[in-house]
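Chemist: Pasting run_28.cif here (mmCIF, C-alpha atoms):
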data_upload
#
loop_
_atom_site.label_atom_id
_atom_site.label_comp_id
_atom_site.auth_asym_id
_atom_site.auth_seq_id
_atom_site.Cartn_x
_atom_site.Cartn_y
_atom_site.Cartn_z
CA MET A 20 -37.70 2.12 4.98
CA ALA A 21 -37.83 4.97 7.51
CA PHE A 22 -34.17 4.31 8.27
CA LYS A 23 -33.32 4.53 4.55
CA ASN A 24 -35.06 7.93 4.37
CA LEU A 25 -33.13 9.08 7.41
CA VAL A 26 -29.84 7.95 5.86
CA ASP A 27 -30.69 9.66 2.56
CA THR A 28 -31.66 12.88 4.32
CA PHE A 29 -28.69 13.19 6.63
CA GLN A 30 -25.79 11.39 5.00
CA GLU A 31 -24.45 14.45 3.18
CA LYS A 32 -24.57 16.59 6.33
CA VAL A 33 -22.91 13.87 8.37
CA LEU A 34 -20.20 13.23 5.76
CA ASN A 35 -19.31 16.92 5.38
CA THR A 36 -19.19 17.39 9.14
CA CYS A 37 -16.92 14.35 9.44
CA LEU A 38 -14.67 15.75 6.70
CA GLY A 39 -14.47 18.98 8.69
CA PHE A 40 -13.05 17.06 11.63
CA VAL A 41 -11.18 14.36 9.74
CA PRO A 42 -10.17 15.67 6.29
CA ASN A 43 -9.73 12.25 4.77
CA ARG A 44 -12.47 10.64 2.68
CA HIS A 45 -11.73 7.08 3.72
CA ASP A 46 -11.73 7.78 7.46
CA ALA A 47 -14.70 10.15 7.17
CA GLU A 48 -16.81 7.49 5.40
CA ASP A 49 -15.95 4.97 8.11
CA ILE A 50 -17.15 7.45 10.74
CA VAL A 51 -20.35 8.12 8.74
CA GLN A 52 -21.12 4.39 8.90
CA GLU A 53 -20.45 4.36 12.64
CA VAL A 54 -22.75 7.37 13.10
CA PHE A 55 -25.67 5.73 11.32
CA MET A 56 -25.12 2.44 13.11
CA GLU A 57 -25.29 4.36 16.38
CA VAL A 58 -28.41 6.19 15.19
CA PHE A 59 -30.04 2.84 14.33
CA ARG A 60 -29.10 1.31 17.69
CA SER A 61 -30.23 4.22 19.82
CA ILE A 62 -33.13 5.73 17.90
CA ASN A 63 -35.37 4.48 20.74
CA LYS A 64 -33.44 6.69 23.15
CA PHE A 65 -34.18 9.79 21.09
CA ARG A 66 -36.73 11.57 23.25
CA GLY A 67 -37.51 14.38 20.87
CA ASP A 68 -36.30 17.05 23.31
CA SER A 69 -34.12 18.43 20.55
CA LYS A 70 -34.39 18.38 16.78
CA LEU A 71 -33.46 15.11 15.07
CA SER A 72 -30.70 16.93 13.17
CA THR A 73 -29.26 18.25 16.45
CA TRP A 74 -29.21 14.74 17.87
CA ILE A 75 -27.50 13.34 14.75
CA TYR A 76 -24.94 16.19 14.71
CA ARG A 77 -24.21 15.44 18.37
CA ILE A 78 -23.56 11.76 17.59
CA THR A 79 -21.43 12.78 14.60
CA THR A 80 -19.32 15.15 16.69
CA THR A 81 -18.84 12.54 19.41
CA LYS A 82 -17.81 9.87 16.90
CA CYS A 83 -15.37 12.24 15.18
CA LEU A 84 -13.76 13.22 18.48
CA GLU A 85 -13.50 9.55 19.46
CA HIS A 86 -11.79 8.84 16.14
CA ILE A 87 -9.37 11.76 16.61
CA ARG A 88 -8.52 10.62 20.15
CA ALA A 89 -7.92 7.06 18.93
CA LYS A 90 -5.60 8.38 16.20
CA LYS A 91 -3.70 10.46 18.75
CA ARG A 92 -3.28 7.41 20.98
CA GLU A 93 -2.02 5.44 17.98
CA LYS A 94 0.46 8.23 17.17
CA ARG A 95 1.73 8.34 20.75
CA LYS A 96 2.09 4.58 20.76
CA SER A 97 4.02 4.57 17.50
CA PHE A 98 6.22 7.40 18.79
CA PHE A 99 7.20 5.37 21.83
CA GLN A 100 7.68 2.31 19.67
CA SER A 101 10.04 4.28 17.45
CA LEU A 102 11.94 5.39 20.56
CA ILE A 103 12.53 1.83 21.66
CA GLY A 104 13.37 0.70 18.15
CA MET A 105 10.12 -0.92 17.08
CA HIS A 106 9.71 0.90 13.76
CA GLU A 107 7.09 -1.33 12.19
CA ASN A 108 4.08 0.73 13.21
CA ALA A 109 5.86 4.04 13.35
CA ASP A 110 6.17 4.32 9.59
CA ARG A 111 2.55 3.42 9.05
CA ILE A 112 1.20 6.62 10.60
CA LYS A 113 1.71 9.73 8.57
CA ALA A 114 2.12 13.10 10.23
CA PHE A 115 -1.09 14.55 8.79
CA ASP A 116 -3.30 12.53 6.51
CA PHE A 117 -5.00 15.13 4.30
CA ASN A 118 -7.31 14.07 1.49
CA HIS A 119 -10.43 16.27 1.53
CA PRO A 120 -12.44 15.70 -1.68
CA GLY A 121 -14.17 19.08 -1.43
CA ILE A 122 -10.99 21.13 -1.70
CA LEU A 123 -9.83 22.39 -5.06
CA LEU A 124 -6.28 21.61 -6.06
CA GLU A 125 -5.19 25.27 -6.07
CA ASN A 126 -6.36 25.66 -2.46
CA LYS A 127 -4.97 22.38 -1.25
CA GLU A 128 -1.75 23.64 0.35
CA ARG A 129 -3.46 26.56 2.07
CA SER A 130 -6.33 24.37 3.30
CA LYS A 131 -3.90 21.75 4.52
CA THR A 132 -2.15 24.42 6.58
CA LEU A 133 -5.48 25.59 7.98
CA PHE A 134 -6.64 22.08 8.89
CA ALA A 135 -3.30 21.42 10.58
CA ALA A 136 -3.87 24.57 12.66
CA ILE A 137 -7.48 23.54 13.45
CA GLU A 138 -6.11 20.20 14.66
CA LYS A 139 -4.12 22.07 17.32
CA LEU A 140 -7.20 23.78 18.78
CA PRO A 141 -8.68 22.59 22.08
CA GLU A 142 -11.57 20.16 21.50
CA ASN A 143 -14.51 22.45 22.27
CA GLN A 144 -13.09 25.32 20.19
CA ARG A 145 -12.52 22.89 17.36
CA VAL A 146 -16.12 21.63 17.54
CA ALA A 147 -17.62 25.13 17.55
CA PHE A 148 -15.35 26.34 14.74
CA THR A 149 -15.92 23.29 12.52
CA LEU A 150 -19.68 23.28 12.95
CA HIS A 151 -19.94 27.00 12.26
CA LYS A 152 -17.34 27.62 9.57
CA ILE A 153 -17.36 24.29 7.72
CA GLU A 154 -20.87 22.98 8.25
CA GLY A 155 -22.36 26.46 8.27
CA LEU A 156 -24.49 25.99 11.37
CA SER A 157 -25.77 28.95 13.34
CA TYR A 158 -24.56 29.71 16.86
CA GLN A 159 -28.04 28.75 18.08
CA GLU A 160 -27.78 25.29 16.52
CA ILE A 161 -24.27 24.82 17.89
CA THR A 162 -25.57 25.79 21.33
CA ALA A 163 -28.09 22.92 21.12
CA ILE A 164 -25.53 20.42 19.79
CA MET A 165 -22.87 21.25 22.37
CA GLU A 166 -25.47 21.64 25.14
CA THR A 167 -23.99 24.93 26.24
CA SER A 168 -24.98 28.60 26.35
CA LEU A 169 -24.93 31.03 23.46
CA SER A 170 -22.29 33.17 25.16
CA SER A 171 -20.07 30.11 25.56
CA VAL A 172 -20.30 29.36 21.84
CA GLU A 173 -19.49 33.00 21.02
CA SER A 174 -16.51 32.87 23.35
CA LEU A 175 -15.33 29.55 21.88
CA MET A 176 -15.53 30.97 18.37
CA PHE A 177 -13.63 34.11 19.35
CA ARG A 178 -10.87 32.13 21.02
CA ALA A 179 -10.72 29.62 18.15
CA LYS A 180 -10.19 32.41 15.60
CA LYS A 181 -7.55 34.06 17.80
CA ASN A 182 -5.71 30.76 18.30
CA LEU A 183 -5.83 29.97 14.60
CA GLN A 184 -4.45 33.39 13.69
CA LYS A 185 -1.67 32.92 16.22
CA THR A 186 -0.78 29.42 14.96
CA LEU A 187 -0.92 30.44 11.31
CA GLY A 188 1.08 33.61 12.02
CA GLY A 189 3.77 31.51 13.66
CA PHE A 190 3.73 29.08 10.76
CA TYR A 191 4.14 31.75 8.08
CA LYS A 192 6.76 33.62 10.12
CA LYS A 193 8.78 30.41 10.24
CA ASN A 194 8.24 29.32 6.64
CA LYS A 195 8.14 32.58 4.73
CA GLY A 196 10.38 34.70 6.86
CA MET B 22 10.01 44.71 8.66
CA LYS B 23 6.58 46.29 8.37
CA ASN B 24 6.12 44.80 4.89
CA ARG B 25 6.98 41.35 6.21
CA LYS B 26 4.36 41.70 8.96
CA ILE B 27 1.78 42.79 6.39
CA ASN B 28 2.65 39.81 4.18
CA ILE B 29 2.24 37.38 7.06
CA ASP B 30 -1.09 38.93 8.05
CA LEU B 31 -2.24 38.65 4.45
CA GLU B 32 -1.24 35.00 4.26
CA VAL B 33 -3.06 34.29 7.53
CA GLN B 34 -6.17 36.07 6.26
CA LYS B 35 -6.10 34.20 2.93
CA THR B 36 -5.66 30.89 4.73
CA MET B 37 -8.52 31.67 7.11
CA GLU B 38 -10.72 32.55 4.13
CA SER B 39 -9.82 29.36 2.27
CA ILE B 40 -12.35 27.60 4.46
CA ASP B 41 -15.15 29.36 2.58
CA GLN B 42 -14.06 27.73 -0.66
CA ILE B 43 -14.50 24.18 0.56
CA GLN B 44 -17.12 22.50 -1.61
CA ARG B 45 -19.86 20.23 -0.33
CA VAL B 46 -19.11 16.56 -0.87
CA GLU B 47 -21.83 14.21 -2.03
CA GLY B 48 -22.58 11.13 0.01
CA ASN B 49 -21.81 7.58 -0.99
CA PRO B 50 -24.75 6.09 -2.96
CA PHE B 51 -23.94 2.64 -1.53
CA LEU B 52 -23.99 3.77 2.08
CA TYR B 53 -27.41 2.30 2.87
CA THR B 54 -26.48 -1.08 1.34
CA ARG B 55 -23.29 -1.12 3.40
CA LEU B 56 -25.23 -0.25 6.53
CA GLN B 57 -27.73 -3.05 5.85
CA GLU B 58 -24.85 -5.50 5.49
CA LYS B 59 -23.24 -4.26 8.70
CA LEU B 60 -26.53 -4.54 10.59
CA ARG B 61 -27.03 -8.07 9.26
CA GLN B 62 -23.51 -9.05 10.32
CA GLU B 63 -24.09 -7.49 13.71
CA ALA B 64 -27.34 -9.41 14.18
CA GLU B 65 -25.59 -12.68 13.30
CA GLY B 66 -22.62 -11.73 15.44
CA ASP B 67 -24.79 -11.24 18.54
CA VAL B 68 -25.31 -14.98 18.86
CA VAL B 69 -21.63 -15.72 18.33
CA THR B 70 -20.34 -12.96 20.59
CA ILE B 71 -22.09 -14.40 23.64
CA HIS B 72 -19.89 -17.47 23.25
CA THR B 73 -16.71 -15.78 22.09
CA ARG B 74 -16.70 -12.67 24.23
CA PHE B 75 -17.64 -14.33 27.49
CA PRO B 76 -15.71 -17.58 27.93
CA VAL B 77 -16.77 -17.51 31.58
CA LEU B 78 -20.35 -17.97 30.40
CA GLN B 79 -19.31 -20.97 28.33
CA VAL B 80 -17.64 -22.61 31.32
CA ALA B 81 -20.63 -21.82 33.53
CA MET B 82 -23.00 -23.34 30.97
CA VAL B 83 -20.95 -26.56 30.80
CA VAL B 84 -20.86 -26.80 34.60
CA ILE B 85 -24.63 -26.26 34.82
CA LEU B 86 -25.26 -28.91 32.14
CA LEU B 87 -23.05 -31.42 33.94
CA PHE B 88 -24.80 -30.66 37.23
CA VAL B 89 -28.28 -31.07 35.71
CA ASN B 90 -27.25 -34.34 34.08
CA GLY B 91 -25.78 -35.63 37.31
CA PHE B 92 -28.86 -34.61 39.23
CA ALA B 93 -31.15 -36.30 36.70
CA LEU B 94 -29.15 -39.53 36.91
CA MET B 95 -29.21 -39.44 40.70
CA GLU B 96 -32.95 -38.90 40.73
CA SER B 97 -33.55 -41.77 38.34
CA GLY B 98 -31.70 -44.05 40.74
CA TYR B 99 -29.08 -44.92 38.15
CA PHE B 100 -26.35 -45.14 40.77
CA ASP B 101 -28.40 -47.22 43.24
CA GLU B 102 -27.73 -50.89 42.50
CA SER B 103 -28.21 -50.26 38.87
CA THR B 104 -27.09 -53.75 37.81
CA GLU B 105 -29.63 -55.46 40.03
CA THR B 106 -32.37 -53.17 38.88
CA ALA B 107 -31.50 -53.92 35.26
CA THR B 108 -31.51 -57.71 35.85
CA ALA B 109 -34.78 -57.48 37.75
CA ASN B 110 -36.30 -55.55 34.88
CA ILE B 111 -35.18 -58.19 32.35
CA ASP B 112 -36.59 -60.99 34.51
CA GLN B 113 -39.85 -59.12 34.92
CA PHE B 114 -40.03 -58.59 31.16
CA ALA B 115 -39.26 -62.24 30.40
CA ASP B 116 -41.80 -63.38 32.98
CA GLU B 117 -44.46 -61.14 31.55
CA TYR B 118 -44.08 -62.54 28.04
CA ALA B 119 -43.41 -66.09 29.19
CA LEU B 120 -39.98 -66.18 27.68
CA ILE B 121 -38.47 -68.45 30.38
CA ALA B 122 -39.09 -72.05 29.53
CA SER B 123 -39.48 -74.52 32.36
CA GLU B 124 -37.85 -78.00 32.23
CA GLU B 125 -41.23 -79.67 31.64
CA GLU B 126 -41.95 -77.50 28.70
CA ASP B 127 -38.53 -78.30 27.26
CA LEU B 128 -39.19 -82.04 27.51
CA GLU B 129 -42.64 -81.64 26.04
CA TYR B 130 -41.15 -79.74 23.14
CA LEU B 131 -38.52 -82.41 22.54
CA SER B 132 -41.06 -85.26 22.65
CA LEU B 133 -43.27 -83.54 20.15
CA ASN B 134 -40.39 -83.19 17.73
CA ASP B 135 -39.30 -86.83 18.05
#
For the file at hand, write its structure as structure tokens.

Modeler:
Amino acid sequence: MAFKNLVDTFQEKVLNTCLGFVPNRHDAEDIVQEVFMEVFRSINKFRGDSKLSTWIYRITTTKCLEHIRAKKREKRKSFFQSLIGMHENADRIKAFDFNHPGILLENKERSKTLFAAIEKLPENQRVAFTLHKIEGLSYQEITAIMETSLSSVESLMFRAKKNLQKTLGGFYKKNKG
Amino acid sequence: MKNRKINIDLEVQKTMESIDQIQRVEGNPFLYTRLQEKLRQEAEGDVVTIHTRFPVLQVAMVVILLFVNGFALMESGYFDESTETATANIDQFADEYALIASEEEDLEYLSLND
């Protein structure tokens, strides 16, 4: 029963965070399940040093990054397979699978471009940016989740914004120029 | 040239701001049921996975069982003149319940029936 309450309390936060990292409802829901399975398995390890929400956000972030890394590996594999003529798997993986249910149709193209740029960020910048801009967490909360200092989070956010502007600038220069 | 730069900057700004318009997504109402099912499957799977994931364990268990059986048979003296022991046991049993008829008893039995 306590686990049901925990799921009810946190599932929306976990799902929206997952969608921030993986903007695809199907994949995001799979990760949500993995997150809560992990929470169930390791709730005994939760020492209460941090807030429960911080601990769950940390698991969510880890699971999302694991999923992203696995997808990248799959892409690399299919790329090499396509090079040596094994096309079966190569066609299965799309370049960028975008299906975020929280994005309005009129913003879809713009958001897709933004998420593609976020995907190019280094991992820690991506985590800080997603947690702050998409999940709306404060720098202080992100500090606890990422187990780093406040100045590091500020620096990560600054660099993330700069990198995004640079990537997007390059994209629009190429496509609208 | 300047106008083009301004246009690009504007596009970048608009795209960066599009993140603020992302709406919150509601969770799946069946999530808990799915989790329960997964946990149940996992609990059932634990027993199976010991056998399927670790074939070495399976082999080791078979070897141990064979060894224990062999040891038990050795201890019971099964391999030591087992035929003689079995015959001796039958004789002892027959003796105990007087199942072996002597020649005299046979004759006595026949004369009674005549």

Chemist: Please identify all residues of chain B having at least one atom at most 6 Å from any atom of chain A, considering only C-alpha atoms, and return them as a VMD selection string.

Modeler: chain B and resid 33 36 43 to 48

Chemist: Using all atoms of range 178-181 of chain A listed in the file and a margin of 3 Å per side, can you give the axis-aligned box centre and edge lengths in Å to one decimal, as AutoDock Vina command-line options?

Modeler:
--center_x -9.2 --center_y 31.8 --center_z 18.3 --size_x 9.3 --size_y 10.4 --size_z 11.4

Chemist: At what distance in Å, to one decimal, does CA of Ile50 in chain A lie from CA of Ser69 in chain A?

Modeler: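 Distance between the two atoms: 22.5 Å.
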
Chemist: I'd like the interatomic distance between CA of Asp49 in chain A and CA of Ser61 in chain A, to a tenth of an Å.

Modeler: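 CA of Ser61 in chain A lies 18.5 Å from CA of Asp49 in chain A.
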
Chemist: List the spatial neighbours of Phe148 in chain A as a PDB file with C-alpha atoms, keeping the file's coordinate frame - criterion: any atom at most 7 Å away, all atoms listed in the file, same-chain residues fewer than 3 positions off excluded.

Modeler:
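Output below, filename part_18.pdb:
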ATOM      1  CA  GLN A 144     -13.090  25.320  20.190  1.00  0.00           C
ATOM      2  CA  ARG A 145     -12.520  22.890  17.360  1.00  0.00           C
ATOM      3  CA  HIS A 151     -19.940  27.000  12.260  1.00  0.00           C
ATOM      4  CA  LYS A 152     -17.340  27.620   9.570  1.00  0.00           C
ATOM      5  CA  MET A 176     -15.530  30.970  18.370  1.00  0.00           C
ATOM      6  CA  ALA A 179     -10.720  29.620  18.150  1.00  0.00           C
TER       7      ALA A 179
END

Chemist: A:Gln159, A:Leu169, A:Ile137, A:Asn63: which is nearest Lys181 in chain A, counting only C-alpha atoms?

Modeler: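 Residue with the minimum atom-to-atom distance to Lys181 in chain A: A:Ile137.
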
Chemist: Quick one: which residues end up in the PyMOL selection byres ((chain A and resi 77) around 12) for this structure, as number ranges by chain?

Modeler: A: 33, 36-37, 54, 57-58, 65, 69-76, 78-84, 146-147, 150, 160-166
